[in-house]
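coords-v8.cif (mmCIF, C-alpha atoms)
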data_my_file
#
loop_
_atom_site.label_atom_id
_atom_site.label_comp_id
_atom_site.auth_asym_id
_atom_site.auth_seq_id
_atom_site.Cartn_x
_atom_site.Cartn_y
_atom_site.Cartn_z
CA MET A 20 2.08 -16.74 13.58
CA PRO A 21 3.10 -17.08 9.89
CA ILE A 22 -0.06 -15.53 8.42
CA VAL A 23 0.29 -12.44 10.61
CA ASP A 24 3.95 -12.07 9.67
CA PHE A 25 3.00 -12.41 6.00
CA ILE A 26 0.29 -9.73 6.22
CA ASN A 27 2.61 -7.32 8.02
CA ALA A 28 5.38 -7.92 5.51
CA CYS A 29 2.98 -7.22 2.63
CA LYS A 30 1.95 -3.94 4.24
CA GLU A 31 5.58 -2.88 4.54
CA ASN A 32 6.48 -3.77 0.95
CA THR A 33 5.57 -1.04 -1.54
CA ASN A 34 5.31 -3.64 -4.33
CA THR A 35 2.57 -5.69 -2.65
CA ASN A 36 -0.97 -4.45 -2.18
CA ILE A 37 -3.13 -7.44 -1.29
CA SER A 38 -6.88 -7.53 -0.63
CA HIS A 39 -7.63 -11.17 0.22
CA VAL A 40 -5.51 -14.15 1.28
CA ILE A 41 -6.64 -17.73 1.87
CA CYS A 42 -4.45 -20.60 3.03
CA THR A 43 -6.04 -24.02 2.66
CA SER A 44 -5.05 -27.66 2.98
CA LYS A 45 -6.82 -30.52 1.22
CA GLU A 46 -9.45 -30.48 3.96
CA ASN A 47 -9.49 -27.20 5.92
CA ILE A 48 -9.11 -23.45 5.69
CA LEU A 49 -5.96 -22.74 7.71
CA ALA A 50 -6.11 -18.96 7.62
CA GLU A 51 -7.98 -16.19 5.84
CA TYR A 52 -7.48 -12.44 5.71
CA ILE A 53 -9.72 -9.92 3.95
CA ILE A 54 -9.16 -6.17 3.78
CA GLU A 55 -12.23 -3.96 4.00
CA PRO A 56 -14.18 -3.26 1.81
CA TYR A 57 -13.49 -6.51 -0.07
CA LYS A 58 -15.71 -9.53 0.57
CA ARG A 59 -15.43 -13.31 0.39
CA ASP A 60 -18.84 -13.77 -1.29
CA THR A 61 -18.34 -11.70 -4.46
CA LEU A 62 -16.92 -12.70 -7.82
CA LYS A 63 -13.21 -12.15 -8.38
CA LEU A 64 -11.71 -11.60 -11.82
CA PHE A 65 -8.89 -14.10 -12.47
CA PHE A 66 -7.19 -12.41 -15.44
CA SER A 67 -4.59 -14.92 -16.75
CA MET A 68 -5.34 -17.52 -14.09
CA THR A 69 -8.08 -18.31 -16.64
CA LYS A 70 -5.44 -20.03 -18.79
CA SER A 71 -5.04 -22.83 -16.26
CA PHE A 72 -8.75 -23.61 -16.56
CA ALA A 73 -8.48 -23.86 -20.34
CA GLY A 74 -5.66 -26.34 -19.71
CA LEU A 75 -7.81 -28.34 -17.28
CA ALA A 76 -10.55 -28.52 -19.92
CA VAL A 77 -8.04 -30.07 -22.33
CA GLY A 78 -7.19 -32.66 -19.67
CA ILE A 79 -10.85 -33.59 -19.27
CA ALA A 80 -11.33 -33.80 -23.04
CA CYS A 81 -8.22 -35.99 -23.27
CA ASP A 82 -9.57 -38.28 -20.54
CA MET A 83 -12.84 -38.54 -22.49
CA GLY A 84 -11.04 -39.53 -25.68
CA LEU A 85 -12.12 -36.39 -27.53
CA LEU A 86 -8.54 -35.42 -28.38
CA ASP A 87 -4.93 -36.42 -27.92
CA LEU A 88 -2.17 -34.12 -26.71
CA ASP A 89 -0.15 -34.96 -29.82
CA ASP A 90 -2.93 -33.98 -32.25
CA PHE A 91 -1.80 -31.34 -34.76
CA ILE A 92 -3.94 -28.22 -34.33
CA VAL A 93 -4.33 -27.63 -38.07
CA GLY A 94 -6.58 -30.66 -38.14
CA PHE A 95 -9.21 -28.77 -36.16
CA PHE A 96 -9.16 -25.59 -38.26
CA ASP A 97 -9.28 -26.52 -41.93
CA LYS A 98 -11.76 -23.70 -42.66
CA GLU A 99 -9.78 -21.07 -40.73
CA LEU A 100 -6.30 -21.81 -42.07
CA PRO A 101 -4.51 -19.21 -44.24
CA LEU A 102 -3.97 -20.04 -47.91
CA LEU A 103 -0.23 -20.40 -47.32
CA PRO A 104 0.24 -21.66 -43.74
CA HIS A 105 3.66 -21.14 -42.18
CA LYS A 106 5.63 -24.40 -42.32
CA ASN A 107 5.90 -24.54 -38.50
CA LEU A 108 2.16 -23.96 -38.06
CA LYS A 109 1.63 -27.43 -39.51
CA LYS A 110 3.85 -28.86 -36.74
CA ILE A 111 2.06 -27.33 -33.75
CA ARG A 112 0.47 -29.94 -31.51
CA ILE A 113 -1.98 -29.38 -28.66
CA ARG A 114 0.80 -29.97 -26.13
CA HIS A 115 2.74 -27.07 -27.67
CA LEU A 116 -0.18 -24.72 -26.95
CA LEU A 117 -0.31 -26.07 -23.41
CA THR A 118 3.40 -25.39 -22.82
CA MET A 119 3.49 -21.96 -24.50
CA SER A 120 5.89 -23.30 -27.13
CA CYS A 121 3.89 -22.86 -30.34
CA GLY A 122 6.86 -21.25 -32.06
CA ILE A 123 6.32 -17.49 -31.89
CA HIS A 124 9.37 -15.42 -30.95
CA ASP A 125 7.80 -12.25 -29.48
CA ASP A 126 4.64 -11.71 -27.50
CA THR A 127 2.00 -10.96 -30.16
CA TYR A 128 -0.85 -10.15 -27.78
CA ARG A 129 -1.22 -6.51 -28.79
CA GLU A 130 -1.31 -7.34 -32.49
CA LEU A 131 -3.86 -10.14 -32.11
CA VAL A 132 -6.21 -8.71 -29.49
CA ILE A 133 -7.44 -5.97 -31.85
CA GLN A 134 -8.40 -8.46 -34.57
CA ASN A 135 -12.04 -9.45 -35.19
CA ASP A 136 -11.26 -13.18 -35.24
CA TRP A 137 -8.62 -14.33 -32.77
CA VAL A 138 -8.45 -17.87 -34.15
CA ARG A 139 -7.70 -16.75 -37.70
CA ALA A 140 -5.31 -14.09 -36.40
CA PHE A 141 -3.37 -16.71 -34.41
CA LEU A 142 -3.15 -19.06 -37.41
CA ASN A 143 -1.93 -16.25 -39.68
CA GLN A 144 1.12 -15.48 -37.53
CA GLU A 145 4.74 -16.23 -38.27
CA PHE A 146 6.16 -19.16 -36.26
CA PRO A 147 9.95 -18.81 -36.58
CA HIS A 148 10.75 -21.49 -33.97
CA GLU A 149 10.25 -25.22 -34.20
CA PRO A 150 7.22 -25.93 -31.98
CA GLY A 151 8.18 -27.35 -28.62
CA THR A 152 11.65 -25.78 -28.56
CA TYR A 153 11.08 -22.18 -27.46
CA TYR A 154 8.88 -20.86 -24.64
CA LYS A 155 7.02 -17.60 -25.25
CA TYR A 156 4.00 -16.58 -23.22
CA CYS A 157 1.03 -16.52 -25.58
CA THR A 158 -2.46 -15.55 -24.42
CA HIS A 159 -3.97 -16.37 -27.79
CA GLY A 160 -2.37 -19.80 -27.71
CA SER A 161 -4.48 -20.41 -24.60
CA HIS A 162 -7.49 -19.08 -26.49
CA MET A 163 -6.86 -21.71 -29.18
CA LEU A 164 -7.40 -24.34 -26.48
CA SER A 165 -10.90 -22.90 -25.99
CA ALA A 166 -11.49 -23.09 -29.73
CA ILE A 167 -10.33 -26.72 -29.83
CA ILE A 168 -12.61 -27.68 -26.93
CA THR A 169 -15.52 -26.15 -28.85
CA LYS A 170 -14.55 -28.10 -31.99
CA VAL A 171 -14.33 -31.49 -30.29
CA SER A 172 -17.21 -31.14 -27.81
CA LYS A 173 -19.65 -29.05 -29.87
CA MET A 174 -20.07 -26.75 -26.87
CA SER A 175 -18.36 -23.67 -25.52
CA LEU A 176 -15.47 -23.88 -23.08
CA GLU A 177 -17.83 -22.31 -20.54
CA ASP A 178 -20.49 -25.00 -20.93
CA PHE A 179 -17.90 -27.78 -21.13
CA LEU A 180 -16.28 -26.79 -17.82
CA ASN A 181 -19.64 -26.17 -16.16
CA ILE A 182 -20.75 -29.73 -16.96
CA HIS A 183 -17.51 -31.59 -16.36
CA LEU A 184 -15.75 -29.60 -13.60
CA PHE A 185 -17.59 -26.69 -12.01
CA HIS A 186 -21.00 -28.21 -11.36
CA PRO A 187 -19.54 -31.45 -9.92
CA LEU A 188 -17.58 -29.20 -7.54
CA GLY A 189 -20.72 -27.25 -6.58
CA ILE A 190 -19.60 -24.18 -8.53
CA PHE A 191 -22.47 -22.48 -10.34
CA GLU A 192 -21.51 -18.79 -10.57
CA ALA A 193 -18.76 -18.89 -13.21
CA GLN A 194 -18.75 -15.77 -15.39
CA TRP A 195 -16.69 -15.66 -18.59
CA GLU A 196 -15.86 -13.09 -21.23
CA GLN A 197 -16.13 -13.66 -24.96
CA SER A 198 -13.72 -13.22 -27.86
CA PRO A 199 -14.73 -11.14 -30.88
CA GLU A 200 -15.61 -14.29 -32.87
CA GLY A 201 -17.99 -15.42 -30.11
CA LEU A 202 -15.91 -18.07 -28.32
CA THR A 203 -15.34 -18.27 -24.58
CA ALA A 204 -12.08 -16.41 -23.98
CA GLY A 205 -9.47 -19.01 -23.10
CA GLY A 206 -6.69 -16.76 -21.89
CA MET A 207 -8.46 -14.27 -19.66
CA GLY A 208 -11.81 -13.13 -18.31
CA LEU A 209 -13.00 -15.85 -15.89
CA SER A 210 -14.57 -14.78 -12.58
CA LEU A 211 -15.40 -17.08 -9.65
CA TYR A 212 -16.04 -16.74 -5.93
CA PRO A 213 -12.94 -17.14 -3.72
CA ASP A 214 -14.54 -20.19 -2.08
CA SER A 215 -14.80 -21.80 -5.52
CA LEU A 216 -11.08 -21.33 -6.10
CA VAL A 217 -10.52 -23.07 -2.76
CA LYS A 218 -12.41 -26.08 -4.17
CA ILE A 219 -10.29 -26.01 -7.32
CA ALA A 220 -7.09 -25.80 -5.25
CA ARG A 221 -8.13 -28.77 -3.11
CA MET A 222 -8.97 -30.79 -6.21
CA LEU A 223 -5.50 -30.03 -7.60
CA LEU A 224 -3.77 -30.89 -4.29
CA ASN A 225 -5.62 -34.22 -4.56
CA TYR A 226 -4.39 -34.70 -8.15
CA GLY A 227 -7.79 -34.34 -9.79
CA ALA A 228 -9.98 -35.92 -7.11
CA TYR A 229 -12.65 -34.19 -5.05
CA ASN A 230 -14.91 -35.80 -2.43
CA GLY A 231 -13.80 -39.22 -3.57
CA LYS A 232 -14.53 -38.64 -7.28
CA GLN A 233 -11.77 -38.37 -9.90
CA LEU A 234 -12.78 -35.36 -12.01
CA ILE A 235 -9.53 -35.16 -14.00
CA SER A 236 -7.07 -38.03 -14.34
CA ARG A 237 -4.17 -38.09 -11.92
CA LYS A 238 -1.84 -38.64 -14.88
CA TYR A 239 -2.90 -35.41 -16.56
CA ILE A 240 -2.77 -33.31 -13.38
CA LYS A 241 0.77 -34.52 -12.68
CA MET A 242 1.88 -33.56 -16.20
CA ALA A 243 0.09 -30.20 -16.01
CA THR A 244 1.66 -29.23 -12.69
CA GLU A 245 5.22 -30.42 -13.38
CA GLN A 246 7.86 -28.80 -15.56
CA GLN A 247 7.43 -29.56 -19.26
CA ILE A 248 9.58 -26.77 -20.71
CA VAL A 249 12.20 -24.26 -19.53
CA LYS A 250 11.56 -20.55 -19.95
CA GLN A 251 14.17 -18.27 -21.50
CA GLU A 252 13.70 -15.85 -18.60
CA SER A 253 13.36 -16.78 -14.96
CA SER A 254 13.18 -15.36 -11.46
CA PHE A 255 14.28 -16.81 -8.13
CA PHE A 256 10.83 -17.53 -6.70
CA GLY A 257 8.79 -17.45 -9.92
CA GLY A 258 11.05 -20.09 -11.40
CA ALA A 259 12.06 -21.04 -14.93
CA GLY A 260 9.63 -23.88 -15.57
CA TYR A 261 6.22 -24.21 -17.19
CA GLY A 262 3.77 -27.11 -17.22
CA PHE A 263 0.44 -27.28 -19.01
CA GLN A 264 -0.82 -23.72 -18.43
CA PHE A 265 0.78 -23.65 -14.95
CA HIS A 266 3.94 -21.80 -13.94
CA ILE A 267 6.51 -23.90 -12.06
CA GLY A 268 8.40 -21.99 -9.36
CA LYS A 269 10.85 -22.58 -6.55
CA GLU A 270 10.81 -26.06 -5.01
CA GLY A 271 8.82 -27.22 -8.05
CA PHE A 272 5.60 -25.72 -6.67
CA CYS A 273 3.17 -24.73 -9.40
CA ARG A 274 0.82 -21.80 -9.64
CA MET A 275 -1.87 -20.10 -11.62
CA ASP A 276 -1.19 -16.40 -11.83
CA GLY A 277 -2.89 -13.35 -13.24
CA ALA A 278 -2.27 -9.67 -13.80
CA PHE A 279 -1.69 -7.30 -10.88
CA GLY A 280 -0.93 -10.05 -8.36
CA GLN A 281 -3.70 -12.67 -8.49
CA LEU A 282 -2.42 -16.18 -7.78
CA CYS A 283 -3.09 -19.69 -6.56
CA LEU A 284 0.14 -21.38 -5.44
CA LEU A 285 0.00 -25.17 -4.93
CA CYS A 286 2.46 -26.78 -2.51
CA PRO A 287 1.57 -30.49 -2.33
CA ALA A 288 4.58 -31.34 -0.14
CA ASN A 289 3.20 -28.96 2.50
CA ASP A 290 -0.46 -29.92 1.90
CA LEU A 291 -0.96 -26.21 1.29
CA ALA A 292 -2.47 -23.92 -1.30
CA VAL A 293 -2.09 -20.14 -1.00
CA ILE A 294 -4.65 -17.96 -2.80
CA VAL A 295 -4.06 -14.23 -3.09
CA PHE A 296 -6.09 -11.46 -4.70
CA SER A 297 -4.40 -8.08 -5.05
CA GLN A 298 -5.12 -4.52 -6.04
CA CYS A 299 -1.65 -4.34 -7.55
CA SER A 300 1.26 -6.56 -6.51
CA LYS A 301 4.45 -7.48 -8.30
CA MET A 302 4.53 -11.26 -8.58
CA GLU A 303 8.14 -11.85 -7.56
CA ASP A 304 7.82 -9.68 -4.43
CA LEU A 305 4.57 -11.41 -3.51
CA LEU A 306 6.02 -14.88 -4.01
CA ALA A 307 9.11 -14.00 -1.98
CA LEU A 308 6.92 -13.12 1.00
CA ILE A 309 4.74 -16.21 0.57
CA TYR A 310 7.76 -18.51 0.49
CA LYS A 311 9.37 -16.79 3.46
CA HIS A 312 6.38 -16.61 5.78
CA LEU A 313 3.90 -19.29 4.65
CA ILE A 314 6.04 -22.09 3.23
CA TYR A 315 9.40 -22.08 5.02
CA GLU A 316 7.96 -21.12 8.42
CA ASP A 317 6.66 -23.89 10.68
CA GLN A 318 3.05 -24.69 9.76
CA SER A 319 1.07 -25.32 12.96
CA GLY A 320 -2.10 -26.34 11.11
CA LYS A 321 -4.28 -24.30 13.47
CA ILE A 322 -7.27 -22.52 11.97
CA CYS A 323 -6.83 -18.77 12.26
CA ILE A 324 -9.53 -16.50 10.82
CA LEU A 325 -8.38 -12.91 11.08
CA ASP A 326 -10.97 -10.17 11.34
CA HIS A 327 -9.73 -6.71 10.35
CA ASN A 328 -12.78 -4.48 9.97
CA ASN A 329 -11.53 -1.05 11.00
CA PHE A 330 -8.74 0.02 8.71
CA ARG A 331 -10.03 3.52 8.31
CA VAL A 332 -11.86 5.80 10.74
CA LYS A 333 -14.28 8.16 9.06
CA VAL A 334 -14.91 11.45 10.84
CA PRO A 335 -18.16 13.25 10.01
CA GLY A 336 -17.75 16.88 9.09
CA GLN A 337 -19.49 19.85 7.54
CA VAL A 338 -18.57 20.35 3.89
CA TRP A 339 -20.01 22.23 0.99
CA PHE A 340 -20.35 21.50 -2.68
CA PRO A 341 -23.08 22.61 -5.07
CA LEU A 342 -26.05 20.36 -5.80
CA ARG A 343 -26.43 21.19 -9.45
CA LYS A 344 -25.78 19.98 -12.98
CA TYR A 345 -22.66 20.64 -15.05
CA ARG A 346 -22.13 20.02 -18.73
CA PHE A 347 -18.97 19.51 -20.76
CA ASN A 348 -17.99 20.39 -24.30
CA ASP A 349 -17.14 17.55 -26.70
CA ASN A 350 -14.20 15.56 -25.38
CA LYS A 351 -12.40 12.33 -26.31
CA TRP A 352 -13.73 10.56 -23.22
CA GLY A 353 -17.37 11.19 -24.09
CA ILE A 354 -18.28 12.92 -20.81
CA GLU A 355 -21.49 14.90 -21.42
CA ASN A 356 -22.75 16.08 -18.03
CA VAL A 357 -22.49 15.49 -14.28
CA GLU A 358 -25.24 16.18 -11.73
CA PHE A 359 -25.11 16.18 -7.92
CA LEU A 360 -28.23 15.36 -5.87
CA PHE A 361 -29.15 14.67 -2.26
CA LEU A 362 -32.06 12.23 -1.90
CA ASP A 363 -33.26 10.12 1.04
CA GLY A 364 -30.28 11.03 3.18
CA VAL A 365 -27.60 10.10 0.65
CA TYR A 366 -25.70 11.99 -2.03
CA GLN A 367 -25.76 10.94 -5.66
CA VAL A 368 -23.58 11.85 -8.58
CA ILE A 369 -25.05 11.08 -11.99
CA ILE A 370 -22.51 10.91 -14.81
CA LYS A 371 -23.72 10.81 -18.40
CA ASN A 372 -21.25 9.70 -21.06
CA ARG A 373 -21.41 8.24 -24.54
CA ASN A 374 -22.01 4.75 -23.13
CA GLY A 375 -24.95 5.66 -20.91
CA ILE A 376 -25.55 6.89 -17.39
CA GLU A 377 -23.74 6.00 -14.16
CA LYS A 378 -25.38 6.74 -10.81
CA ILE A 379 -23.04 6.56 -7.82
CA LEU A 380 -24.31 6.83 -4.25
CA PHE A 381 -21.99 8.36 -1.67
CA SER A 382 -21.92 9.69 1.86
CA LEU A 383 -19.38 11.80 3.67
CA ASP A 384 -19.93 9.81 6.88
CA TYR A 385 -19.88 6.15 5.85
CA ASP A 386 -19.13 3.79 2.98
CA THR A 387 -21.86 3.19 0.41
CA ASN A 388 -22.35 0.48 -2.19
CA GLY A 389 -24.16 0.01 -5.47
CA LYS A 390 -23.67 -1.28 -9.01
CA VAL A 391 -22.48 0.40 -12.21
CA LYS A 392 -21.11 -0.81 -15.53
CA PHE A 393 -17.33 -1.08 -15.61
CA ILE A 394 -14.87 -3.02 -17.74
CA LYS A 395 -13.38 -6.35 -16.68
CA ASP A 396 -10.85 -7.90 -19.07
CA LEU A 397 -12.63 -7.31 -22.36
CA GLN A 398 -16.25 -6.26 -21.84
CA MET A 399 -18.38 -3.99 -19.68
CA HIS A 400 -20.25 -5.71 -16.84
CA MET A 401 -22.54 -4.56 -14.05
CA GLN A 402 -20.25 -4.67 -11.03
CA GLU A 403 -20.64 -3.99 -7.35
CA TYR A 404 -18.66 -1.10 -5.90
CA ILE A 405 -17.92 0.23 -2.43
CA CYS A 406 -17.61 4.02 -2.40
CA ARG A 407 -15.66 6.16 0.07
CA ALA A 408 -16.05 9.92 -0.13
CA ASP A 409 -13.77 12.68 1.13
CA PHE A 410 -14.12 16.41 0.82
CA HIS A 411 -11.28 18.78 1.54
CA GLU A 412 -10.55 21.28 -1.20
CA SER A 413 -12.32 19.01 -3.66
CA LEU A 414 -14.74 16.08 -3.57
CA GLU A 415 -13.02 12.73 -4.07
CA LEU A 416 -14.94 9.50 -4.56
CA THR A 417 -12.97 6.26 -4.34
CA LEU A 418 -14.74 3.26 -5.86
CA PHE A 419 -13.51 -0.22 -5.03
CA PHE A 420 -14.80 -2.66 -7.66
CA ILE A 421 -14.69 -5.62 -5.36
CA GLU A 422 -14.73 -8.34 -8.03
CA THR A 423 -11.48 -7.01 -9.50
CA PRO A 424 -8.30 -5.16 -8.48
CA TYR A 425 -9.65 -1.94 -9.96
CA VAL A 426 -9.79 1.11 -7.68
CA VAL A 427 -11.19 4.19 -9.39
CA LYS A 428 -10.99 7.76 -8.16
CA TYR A 429 -13.35 10.51 -9.28
CA ASN A 430 -12.18 13.98 -8.26
CA PHE A 431 -14.48 17.00 -8.57
CA ALA A 432 -13.02 20.47 -8.00
CA PHE A 433 -15.52 23.34 -7.86
CA GLU A 434 -14.80 26.99 -8.70
CA GLU A 435 -17.82 29.31 -8.88
CA GLU A 436 -19.71 28.23 -12.03
CA LYS A 437 -17.02 25.81 -13.21
CA ILE A 438 -16.05 22.22 -12.42
CA SER A 439 -12.97 20.11 -13.04
CA PHE A 440 -13.66 16.38 -13.26
CA GLY A 441 -10.71 14.00 -12.92
CA PHE A 442 -10.72 10.24 -13.45
CA SER A 443 -7.93 7.86 -12.45
CA VAL A 444 -7.63 4.08 -12.08
CA ASN A 445 -4.93 2.19 -10.21
CA VAL A 446 -4.30 -0.46 -12.91
CA SER A 447 -5.74 -1.05 -16.36
CA PHE A 448 -4.98 -2.51 -19.78
CA THR A 449 -7.52 -0.30 -21.54
CA LEU A 450 -8.39 2.87 -19.60
CA GLU A 451 -6.43 6.09 -19.26
CA ASN A 452 -6.59 8.82 -16.64
CA PHE A 453 -8.11 12.15 -17.65
CA ILE A 454 -9.30 15.55 -16.49
CA VAL A 455 -12.14 17.45 -18.20
CA LYS A 456 -13.49 20.89 -17.39
CA GLY A 457 -17.15 21.88 -17.48
CA PHE A 458 -19.53 24.61 -16.43
CA ALA A 459 -22.88 24.90 -14.65
CA GLN A 460 -26.09 24.67 -16.68
#
Reformat the file's structure so that it appears as structure tokens.
Amino acid sequence: MPIVDFINACKENTNTNISHVICTSKENILAEYIIEPYKRDTLKLFFSMTKSFAGLAVGIACDMGLLDLDDFIVGFFDKELPLLPHKNLKKIRIRHLLTMSCGIHDDTYRELVIQNDWVRAFLNQEFPHEPGTYYKYCTHGSHMLSAIITKVSKMSLEDFLNIHLFHPLGIFEAQWEQSPEGLTAGGMGLSLYPDSLVKIARMLLNYGAYNGKQLISRKYIKMATEQQIVKQESSFFGGAGYGFQFHIGKEGFCRMDGAFGQLCLLCPANDLAVIVFSQCSKMEDLLALIYKHLIYEDQSGKICILDHNNFRVKVPGQVWFPLRKYRFNDNKWGIENVEFLFLDGVYQVIIKNRNGIEKILFSLDYDTNGKVKFIKDLQMHMQEYICRADFHESLELTLFFIETPYVVKYNFAFEEEKISFGFSVNVSFTLENFIVKGFAQ
């Protein structure tokens, strides 16, 4: 069975670490696979898949007559323009933002993301290339699409998509992050349920239609999901093409993709969409396995829901660690104190840092769950975690933040009156691993 072969191949490949796979046609779920402790009914962070939604919003606005793809972007930002705009800035059209061909030469994400106003920072850049002639991935170009939607609709990208796309699809849980200037982030930060992405995929396979209603024009969807520009760099499966905020890969199939191996691959010729959420997968390796096992293999069309609930056997055991409070001297990570408790049959570790207090429930015999604040793309959010605890020479808590790829490990090593507290995260744009040492109060 292709889905089983795909899962096994992912397990054997050290560059693929998937947590959830869904294969769907226009009408039915063909196969689904979820690794414990991840769930199908929790939000999932999309990272750069968000860009495709900013592009869809532009399509809706175009259909409504609010803008034209050939509008020059300077016309929307007269108050934000620099005193001496770069000559090529004046030539940038909306379609150039959509195709990542605004004219920058290098990826300027790191320079722009630290600015207090992303719109002004984007407009103040150098644009050495004639717009439309040179592809360069540009997260803040996607954010400009959000800003334009706000200008022409007088509402945020979030509200605009809720009204014109998400709510008509029965999607009501969308969670977005904000830019420093208070706009809906257009290039990252959207979270939806997996089932909602299935609805989006089916709408795209139907070229903008869902349940008999045309939500986005067929003309725009075809342009968005077909090659509009050639990338300077390419890969065999990832391809060398780009549409309107969609990557165009092998066989002309398009995809949304996001950091650490999140993707939605659309294969209209096969009546198939493949959705994958990962802890950390390299995109080319992941695509190679998808093409080999889910696209080129014979598709039987049979529904196959796989249930894998016992990936790890937990063996109860007698362990010892002190139920007490430890404090730490001033440190760059802001860790102030850590306290261990045992209440109502479950352990707790309470971590106080400069941002507040985290309380994590854990057991040495079974998985626990709760909510703490943790970063998504840009901001801190209350997020659900599943915690697994092990104690050998030290206590190790592994927290799976099930809305995201993030897997965090807290390691506590005890030595008489002292403690060593280690933090590590599997992937991150903003956090760094650390170890701090403290002592009992």
- Task: Would you please work out which residue, of A:Tyr261, A:Arg373, A:Met174, A:Ala459, is nearest to Leu342 of chain A when using all atoms listed in the file?
- Result: A:Ala459
- Message: So the first atom is atom CA of His400 of chain A and the second is atom CA of Glu130 of chain A; what is the distance between them in Å, to one decimal place?
- Response: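 Value for the atom CA of His400 of chain A-atom CA of Glu130 of chain A distance: 24.6 Å.
With distances taken from (2.2, -28.4, -13.3) and restricted to only C-alpha atoms, the residues inside 10 Å are Ser71, Leu223, Tyr239, Ile240, Lys241, Met242, Ala243, Thr244, Glu245, Gln246, Gln247, Gly260, Tyr261, Gly262, Phe263, Gln264, Phe265, His266, Ile267, Gly268, Gly271, Phe272, Cys273, Arg274, Met275 and Leu285 of chain A.
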Result set, the PyMOL selection byres ((chain A and resi 308) around 12) on current file, as a short mmCIF file (atom, residue, chain, number, x, y, z; two decimals) with C-alpha atoms, in the coordinates of the input:
data_model
loop_
_atom_site.label_atom_id
_atom_site.label_comp_id
_atom_site.auth_asym_id
_atom_site.auth_seq_id
_atom_site.Cartn_x
_atom_site.Cartn_y
_atom_site.Cartn_z
CA PRO A 21 3.10 -17.08 9.89
CA ILE A 22 -0.06 -15.53 8.42
CA VAL A 23 0.29 -12.44 10.61
CA ASP A 24 3.95 -12.07 9.67
CA PHE A 25 3.00 -12.41 6.00
CA ILE A 26 0.29 -9.73 6.22
CA ASN A 27 2.61 -7.32 8.02
CA ALA A 28 5.38 -7.92 5.51
CA CYS A 29 2.98 -7.22 2.63
CA LYS A 30 1.95 -3.94 4.24
CA GLU A 31 5.58 -2.88 4.54
CA ASN A 32 6.48 -3.77 0.95
CA ASN A 34 5.31 -3.64 -4.33
CA THR A 35 2.57 -5.69 -2.65
CA ILE A 37 -3.13 -7.44 -1.29
CA PHE A 256 10.83 -17.53 -6.70
CA GLY A 257 8.79 -17.45 -9.92
CA VAL A 293 -2.09 -20.14 -1.00
CA VAL A 295 -4.06 -14.23 -3.09
CA SER A 300 1.26 -6.56 -6.51
CA LYS A 301 4.45 -7.48 -8.30
CA MET A 302 4.53 -11.26 -8.58
CA GLU A 303 8.14 -11.85 -7.56
CA ASP A 304 7.82 -9.68 -4.43
CA LEU A 305 4.57 -11.41 -3.51
CA LEU A 306 6.02 -14.88 -4.01
CA ALA A 307 9.11 -14.00 -1.98
CA ILE A 309 4.74 -16.21 0.57
CA TYR A 310 7.76 -18.51 0.49
CA LYS A 311 9.37 -16.79 3.46
CA HIS A 312 6.38 -16.61 5.78
CA LEU A 313 3.90 -19.29 4.65
CA ILE A 314 6.04 -22.09 3.23
CA TYR A 315 9.40 -22.08 5.02
CA GLU A 316 7.96 -21.12 8.42
#
- Query: Quick one: distance from atom CA of Asn350 of chain A to atom CA of Val368 of chain A in Å, one decimal?
  - Reply: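 Between atom CA of Asn350 of chain A and atom CA of Val368 of chain A the gap works out to 19.6 Å.
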- Message: Can you pull out the residues contacting Asn430 of chain A? Cut-off 7 Å, using only C-alpha atoms, and skip same-chain residues under 2 positions away; I want them as a list in words.
- Response: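 The neighbour list is Ser413, Leu414, Glu415, Leu416, Lys428, Ala432, Phe440, Gly441 and Phe442 of chain A.
For the residues A:Gln251, A:Asn47, A:Ser297, A:Ser161, ranking by smallest atom-to-atom distance to Ala204 of chain A using all atoms listed in the file places A:Ser161 first.
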- Query: Which residues come within 12 Å of segment 385-391 of chain A, counting all atoms listed in the file, excluding same-chain residues fewer than 5 positions away, as a PyMOL selection string?
  - Reply: chain A and resi 55-57+331-336+364-367+369-370+374-380+399-409+416-422
- Task: Measure the distance from atom CA of Pro150 of chain A to atom CA of Lys110 of chain A in Å and round it to one decimal.
- Result: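 Atom CA of Lys110 of chain A lies 6.5 Å from atom CA of Pro150 of chain A.
Minimum atom-to-atom distance to Arg343 of chain A, evaluated using only C-alpha atoms, belongs to A:Phe458 out of A:Phe458, A:Phe410, A:Phe179, A:Phe296.
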- Task: Evaluate the PyMOL selection byres ((chain A and resi 259) around 6) and record the selected residues as JSON, numbers by chain, following the chain and residue labels used in the document.
- Result: {"A": [249, 250, 253, 258, 260]}
- Item | Close residues, segment 182-187 of chain A itself excluded, 9 Å, all atoms listed in the file, min 2 positions apart in chain, as a PyMOL selection string | chain A and resi 75-76+79+177-180+189-193+215+219+229+234-235
